[in-house]
Amino acid sequence: MARRTARPQRTLAIFFLGILVMYGLVALAGSWKPALGLDLEGGTRIRLTAVGDGVTSENLKEAAGIIDQRVNGSGVSEAEVTTEGNQYVVVEIPGKSRRDLVETVERQAQLRFRVVAQSGVGTATPTAPASPTGSSTAEPTPSVSPGGGVLLPSDSPSATKTPKTKPSSSASGSTGNNRPGFLLDGKKTKSADPSGTASPTDGASPSSSPTDGATATPTDGATDGAGGTPDINDPLTWMDNPDAKSVAAYNAFSCDNGANTISKNVDPETGKTTEGDNPKLPLLACDDQGQKFLLSVSMVEGTDLDNASAGIPQNQLNWVVNLDFNGHGSDEFAKISQALYGTQKLFAIVLDGKVLSAPTMNGIITNGQAEISGNFNQASAQSLALSLRYGSLPIAFDKDVSVETIGPSLAGDQLKWGLIGGAIGLGAVMIYCLFYYRGLGLVVLASLLVAASITYALVLLLDKAANFTLTLPGIAGLIVAIGITADSFIVYFERIRDEMRDGKSMRVAVEAGWKRARNTCLAADAVSLLAAVVLYIFAAGVVRGFAFALGISTVIDLVVFFWFTHPMVSWLARHPFFNRGHKLSGLDAEALGVDRINIAPVTAGGKA
């Protein structure tokens, strides 16, 4: 009997320990105030202006939908995305300092993989280049590793790898200010030239096709090989012998504006260049370090991605973006890796016309999985992953983006009156339960206070983990949950009273009533939770916030009901005040409507 008495106490102790852990995590997060939504606090407004001749209301709405997925894809921040006319997309994000999301919003997210025909310092060299001389080191060349976002061991069945040759140079690259440097496995070889000694002279083009240990620089007017210049639609052959007009355009191209230099396509028939990133034409582009590249037509498109995610691989410390390609993308990636594996030839990862990385292949990637890594932090890795996951925008936007801070859309007293309304509702429920259930009403009071403390801690934690913001509809969802929570207690208490009317003692009635009330409450909460899930999936905007708040409140109701209310009533049933039917307990004969209540026999130890 003593062991049964201790069981509810042990459950209550573990339950309160869990609450302490939650508030310990809140203390570590360092924020004791919930993040408020656009309607209560305001935030950041980003206005994008569509450019180009192909802008229609349909593709503008499609772009707005993609942007909405991006900004709300990492949580439930309830950002609002709307269109204005046939030219503007307006994004409103809760929070006064959300300028970190501007790049996520405006990124075109056109990811392409191209092989590198020429690369070097980003200065224009309209004359025929001289042979590189000197002993200074070139920019570092990163490398690609196969695997599902982590570096696979050498005996991995899904990839083939060989040890990388240690470079002879010790130079390291720099990182641009506008965007972090991107690699594919976070490792850098130390020289773009396999010998580690080649460097461009002043005024000369360091353009090279990085074959095994040798460099080649086709120039304008150079004769083609015996077989003629390969067709641009055969990139793996074209990269070794690019057409003369593309090379001439590359020599004249410069990265004067660094990472912000606009990429250009080259028409191999005329040599004319046009701004943009046409996947069917060779591309002139720059990277963060101001290096310029002559790239082949696109071999793998971002549309071949099945998924993109951000994370920290096992046994590593830095954030990476994991890429998972579909069948076509996997086949093309395998073809590229087989052609470049074991050579020092480069291929480029190009995002919105900018070279993120130009690595070599140190393995044959057959599983369609790779990773982009480099100087990422959590925000930049997740931003890129979100942009790639939800696809590229169907239209282009002006690079001059309007960003402004906006105030709350509701008057300042709306939050105050909303909270007052919630407090009045909570108080009314408590007063009714105390009046009707008397002593058991104290259990209702304690359960509601415990549920409120868990809800507050969870709101604070979700702010950090899922960008959850509290809007007025969200507050309404939490208030509605008060009735759902109180309903569970009423069902349970009425079951206990019914069992006691049938002649059972309180201790027996508590357990018998629990078995019957438990199933009823589970069914009711399941319906409420299902309604919240359906609303969250199919609704938009603030309605999703209401559904999310209703859903988490329903889950909290179940947690409190199972691990606080029931153990608490079981523990109180051991005390004479309740099991002997004191008039203030709410379980006396008069309250139950019976002549007398059945009292459990007293054991030798003096306890019922």
# chains A, B, ... in the order shown; residues from 1 in each chain; ligands from 1
>>> select_by_dssp(residues="stretch 382-599 of chain A", states="strand (DSSP E)", output="PDB file with C-alpha atoms, in the first residue's frame")
ATOM      1  CA  ALA A 396      13.610  38.912 -61.672  1.00  0.00           C
ATOM      2  CA  PHE A 397      13.473  41.795 -59.219  1.00  0.00           C
ATOM      3  CA  SER A 402      13.112  48.999 -50.312  1.00  0.00           C
ATOM      4  CA  VAL A 403      13.403  48.002 -46.644  1.00  0.00           C
ATOM      5  CA  GLU A 404      11.597  49.906 -43.893  1.00  0.00           C
ATOM      6  CA  THR A 405      10.450  49.452 -40.313  1.00  0.00           C
ATOM      7  CA  ILE A 406       6.687  49.493 -39.778  1.00  0.00           C
TER       8      ILE A 406
END
>>> closest_atom_pairs(of="stretch 434-472 of chain A", to="stretch 483-494 of chain A", cutoff="10 Å", atoms="only C-alpha atoms", output="CSV")
residue,atom,partner,partner_atom,distance
A:Tyr437,CA,A:Phe493,CA,8.4
A:Leu440,CA,A:Phe493,CA,8.0
A:Gly441,CA,A:Phe489,CA,9.3
A:Val443,CA,A:Phe489,CA,8.7
A:Val444,CA,A:Phe489,CA,6.7
A:Leu445,CA,A:Ala486,CA,9.4
A:Ser447,CA,A:Thr485,CA,8.7
A:Leu448,CA,A:Thr485,CA,7.5
A:Ala451,CA,A:Thr485,CA,8.5
>>> write_last_selection(atoms="C-alpha atoms", output="PDB file, in the first residue's frame")
ATOM      1  CA  TYR A 437     -16.404  21.548  -6.782  1.00  0.00           C
ATOM      2  CA  LEU A 440     -11.628  19.672  -5.960  1.00  0.00           C
ATOM      3  CA  GLY A 441     -11.858  23.144  -7.454  1.00  0.00           C
ATOM      4  CA  VAL A 443      -7.119  21.011  -8.288  1.00  0.00           C
ATOM      5  CA  VAL A 444      -8.681  22.838 -11.251  1.00  0.00           C
ATOM      6  CA  LEU A 445      -7.057  26.079 -10.137  1.00  0.00           C
ATOM      7  CA  SER A 447      -3.971  22.609 -13.095  1.00  0.00           C
ATOM      8  CA  LEU A 448      -4.822  25.793 -14.983  1.00  0.00           C
ATOM      9  CA  ALA A 451      -0.891  24.732 -17.853  1.00  0.00           C
TER      10      ALA A 451
END
>>> residues_around(residues="A:Leu442", least_positions_apart="4", cutoff="12 Å", atoms="only C-alpha atoms", output="PyMOL selection string")
chain A and resi 429-438+446-449+489+565+568-569+572+584-586
>>> closest_residue(among="A:Arg7, A:His328, A:Lys33, A:Arg389", to="A:Ile67", atoms="only C-alpha atoms")
A:Arg389
>>> residues_around(residues="A:Ser387", least_positions_apart="3", cutoff="6 Å", atoms="only C-alpha atoms", output="JSON, numbers by chain")
{"A": [109, 384, 390]}
>>> atom_distance(atom1="atom CA of A:Phe113", atom2="atom CA of A:Leu317")
26.4 Å
>>> residues_around(residues="A:Val534", least_positions_apart="3", cutoff="12 Å", atoms="only C-alpha atoms", output="PyMOL selection string")
chain A and resi 527-531+537-540+543-544+546-548+550-551
>>> residues_around(residues="A:Gly30", least_positions_apart="4", cutoff="10 Å", atoms="only C-alpha atoms", output="PDB file with C-alpha atoms, in the first residue's frame")
ATOM      1  CA  GLY A  24      16.193  26.441 -17.440  1.00  0.00           C
ATOM      2  CA  LEU A  25      16.247  26.335 -21.254  1.00  0.00           C
ATOM      3  CA  VAL A  26      14.374  29.635 -21.341  1.00  0.00           C
ATOM      4  CA  LEU A 460       9.361  31.499 -25.332  1.00  0.00           C
ATOM      5  CA  LYS A 464      13.916  30.687 -30.555  1.00  0.00           C
TER       6      LYS A 464
END
>>> atom_distance(atom1="atom CA of A:Ile312", atom2="atom CA of A:Ala35")
26.7 Å
>>> atom_distance(atom1="atom CA of A:Arg516", atom2="atom CA of A:Phe578")
20.7 Å
>>> residues_around(residues="A:Asn519", least_positions_apart="2", cutoff="12 Å", atoms="only C-alpha atoms", output="list in words")
Ser488, Val491, Tyr492, Arg495, Gly513, Trp514, Lys515, Arg516, Ala517, Cys521, Leu522, Ala523, Ala524, Asp525, Ala526, Leu558, Phe561 and Phe562 of chain A
>>> closest_residue(among="A:Asp502, A:Asp400, A:Glu275, A:Asp331", to="A:Glu103", atoms="only C-alpha atoms")
A:Asp400
>>> select_by_dssp(residues="stretch 30-104 of chain A", states="alpha helix (DSSP H)", output="number ranges by chain")
A: 57-72, 102-104
